[in-house]
Each structure stands twice: as C-alpha cells, then as structure tokens.
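Colleague: One structure, as structure tokens, below. Some questions next.
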Amino acid sequence: MTSARSVVESPWVGLVLAVSGGFLDAYTYVAQGGVFANAMTGNVVLAAVSLSQHAWAEALLKCWPILAYAAGVCASEALRLPRVWAAVRRPYLAILALEMAVLSAGALNADRLPQPWVVVGIGFVAALQTTTFRRIGSFAYSSVMTTGNLRSFACASFHAVARRDAQQRRKALVYASVIGCFFAGALLGAGSAHAFGNAALWLPVALVGTAFALLVAHLRAGGSAPRPPAWHPSPRG
C-alpha cells in the first residue's frame with residue numbers, strides 16, 4: 001500500500017502545486033501591484049529598485065509579502081513541534097485547507113480589501129506550502145519558485161549526458177516537468193489575471209483542492225497519516 005508520505009511527495013501532487021505556485025506569482029505581479037507571491041528574491045530586488053528611486057510607498061508594497069513569507073515559514077516550523085503536530089489531526093490537510101480558504105477569501109474580497117492584504121495572505125500560505133511540501137518523489141524541490149529546480153535540472157542533465165547515468169536522466173526529467181508546470185501556471189496566471197481580474201484566484205483554489213482531494217482519498221482508503229518531520233531545536237550558544 002502507498003504510504004501517506006509517498007502521496008504527499010508524489011509527482012502528481014508536486015506538479016499540481018507547481019502549477020499553482022507559478023500561477024500565484026504571475027497573478028500577483030499582474031493584478032496586485034507588481035509584486036510576487038512566492039519569489040522573495042524578486043521582491044527584494046524590486047524593493048531595492050524602488051528605494052533607489054525614492055519611491056517609498058512602492059518599496060513598502062514590495063516588503064509586505066516578504067514579511068508575510070517569513071511569518072509563514074515560522075508558522076510551518078511551529079507546526080513541526082511534536083506537541084503541535086500531535087494536536088492537529090491532519091496537518092498536511094490543514095495546511096492545504098487554509099491555503100484554499102485564504103485564496104477563496106481573496107477571490108471574493110480582493111476588490112474591497114486594501115491591496116497589501118491580498119498579497120500578505122497569499123505570501124503567507126505560499127510559505128506554508130513550500131516549507132511543508134518539500135519533495136517530489138525522492139527529490140527535493142520547490143513548488144513556488146524555480147531557481148533551485150532549474151539548477152537541479154541543469155546539474156542532472158549534465159551528469160545524464162556526461163556519465164550516461166539513467167538515474168540522473170530520470171531526475172532531469174522530473175525537474176523539467178516541474179519547471180514546465182511552473183511556467184504553464186505562470187502563463188495561465190498572467191492570462192487569467194488580465195481576463196478575469198481577481199476572480200482568477202478561483203483557479204489556484206481548484207488546483208490546491210486537487211492536491212487536497214488526493215490526500216483525502218488516500219486516508220479514506222485506510223492509509224496512515226504522515227509522520228511529523230524531524231525537528232531539532234537549535235543548541236544554545
């Protein structure tokens with residue numbers, strides 16, 4: 001029987017979340033003031049450019065998702081504490097449900113909310129997603145940014161050719177699929193933002209819901225719940 005962990009790390013879940021990650025970055029850039037939901041490197045650079053031009057309000061707008069992303073990472077780390085993990089019945093499902101709720105709220109209320117609120121919510125759940133769903137199959141990856149995936153693809157491709165390594169060829173194919181899905185999601189996000197405005201957020205709700213449904217189906221079939229990730233408190237210096 002497929003373990004719960006293998007479902008969480010399955011290629012299908014990973015690819016669906018990569019589409020969602022690309023979509024949200026493109027959507028927020030097009031529809032929410034030229035900021036990224038997930039790509040914090042881009043937001044740091046954009047904030048620095050705005051500061052260099054003395055555009056203080058623009059720089060502040062770029063900083064909100066950075067702070068939200070950091071808060072999301074802290075929340076994910078808190079979830080990894082054994083006592084917190086034990087208190088939440090289905091942590092992976094809870095994270096996906098929260099992401100769907102935040103995106104749904106954005107789709108329903110983005111026209112009435114101050115712009116930073118929408119970006120903050122998306123940045124927060126993006127951090128939860130990327131720090132919780134860290135693997136696709138046996139490979140580490142990111143579902144909300146592509147620089148690391150591109151590096152892994154290029155490295156695996158080199159060794160696949162230079163060493164004629166079948167495992168590296170398979171690895172390169174996995175990362176190529178993730179990058180392709182992220183690109184497709186970004187293309188869909190940009191087009192949907194132009195065509196539908198904030199209503200475009202219903203599409204990533206559906207994507208995250210697909211990942212949620214895969215996990216629910218597994219648990220109803222008698223699969224075990226995922227084990228808590230290893231957590232080691234930092235030594236006191």
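Starting from 1 in every chain, residues are counted up; chains themselves are A, B, ... following the order of the structure tokens, and ligands are numbered from 1 as listed.
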If you run DSSP on this backbone, which residues of range 4-225 of chain A come out as strand (DSSP E or B), and could you give them as a ChimeraX atom specification?

Modeller: /A:135-136,139-140

Colleague: Go ahead and dump the residues you just picked, C-alpha atoms, as a PDB file, in the first residue's frame.

Modeller:
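part37.pdb was written with the following content:
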```pdb
ATOM      1  CA  ARG A 135       9.858  16.669  -2.098  1.00  0.00           C
ATOM      2  CA  ILE A 136       8.624  15.279  -5.378  1.00  0.00           C
ATOM      3  CA  PHE A 139      13.935  14.578  -4.949  1.00  0.00           C
ATOM      4  CA  ALA A 140      13.918  17.842  -3.008  1.00  0.00           C
TER       5      ALA A 140
END
```

Colleague: Write out as a PyMOL selection string the residues lying within 12 Å of Arg151 in chain A, counting only C-alpha atoms and excluding same-chain residues fewer than 4 positions away.

Modeller: chain A and resi 140-142+145-147+155-158+171-172+175-176+179

Colleague: Taking only C-alpha atoms into account, name the residue in A:Ile66, A:Ala166, A:Ala18, A:Leu98 that is nearest to Thr41 in chain A.

Modeller: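 With only C-alpha atoms as the atom set, the closest residue is A:Ile66.
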
Colleague: Which residues are near Leu188 in chain A? Cut-off 12 Å, only C-alpha atoms, ignore same chain within fewer than 5 positions. Put them as number ranges by chain.

Modeller: A: 19-27, 30, 181-183, 193-196, 200-201, 203-204

Colleague: Can you tell me which residues surround range 211-218 of chain A at a distance of at most 7 Å, considering only C-alpha atoms, apart from same-chain residues fewer than 6 positions away, and format the answer as a compact mmCIF listing (two decimals) with N, CA and C atoms, in the first residue's frame?

Modeller:
```txt
# COMPACT_ATOMS: atom_id res chain seq x y z
N VAL A 7 2.34 9.75 -0.86
CA VAL A 7 1.31 10.54 -1.51
C VAL A 7 1.65 12.02 -1.40
N VAL A 13 1.04 15.27 -6.97
CA VAL A 13 0.81 16.37 -6.02
C VAL A 13 1.83 17.48 -6.26
N VAL A 16 1.01 19.47 -9.49
CA VAL A 16 -0.16 20.32 -9.32
C VAL A 16 0.18 21.56 -8.50
N LEU A 93 -3.35 18.20 5.50
CA LEU A 93 -4.67 18.60 5.03
C LEU A 93 -5.04 19.98 5.57
N LEU A 96 -3.34 22.68 3.44
CA LEU A 96 -3.99 22.87 2.14
C LEU A 96 -5.36 23.51 2.30
```

Colleague: Just to confirm, what's the straight-line distance from CA of Gly33 in chain A to CA of Glu99 in chain A in Å (one decimal)?

Modeller: 21.2 Å

Colleague: Just give me the gap between CA of Tyr69 in chain A and CA of Ala154 in chain A in Å, one decimal is fine.

Modeller: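 Value for the CA of Tyr69 in chain A-CA of Ala154 in chain A distance: 27.3 Å.
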
Colleague: Once DSSP has gone over the backbone, tell me which residues of chain A are in alpha helix (DSSP H), as a PyMOL selection string.

Modeller: chain A and resi 4-8+11-31+40-52+56-79+82-87+91-109+115-132+147-162+166-196+202-220

Colleague: Fewer than 5 positions away in the same chain doesn't count, so skip those; otherwise give me all residues within 10 Å of range 122-131 of chain A, counting only C-alpha atoms, as a PyMOL selection string.

Modeller: chain A and resi 17-18+20-21+24-25+28+36-40+64-77+79+92+95-96+98-103+106+116-117+141-145+208

Colleague: As an exercise, work out the distance from CA of Ala105 in chain A to CA of Val118 in chain A in Å and give it to one decimal place.

Modeller: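 So the answer is 8.7 Å.
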
Colleague: Which one of A:Trp202, A:Asp111, A:Arg170, A:Ala97 sits closest to Gly189 in chain A if you count only C-alpha atoms?

Modeller: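 That would be A:Trp202, the residue with the smallest distance to Gly189 in chain A.
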
Colleague: Between A:Gln115, A:Ser104, A:Thr210, A:Asn109, which residue has the minimum interatomic distance to Leu60 in chain A, considering only C-alpha atoms?

Modeller: A:Gln115
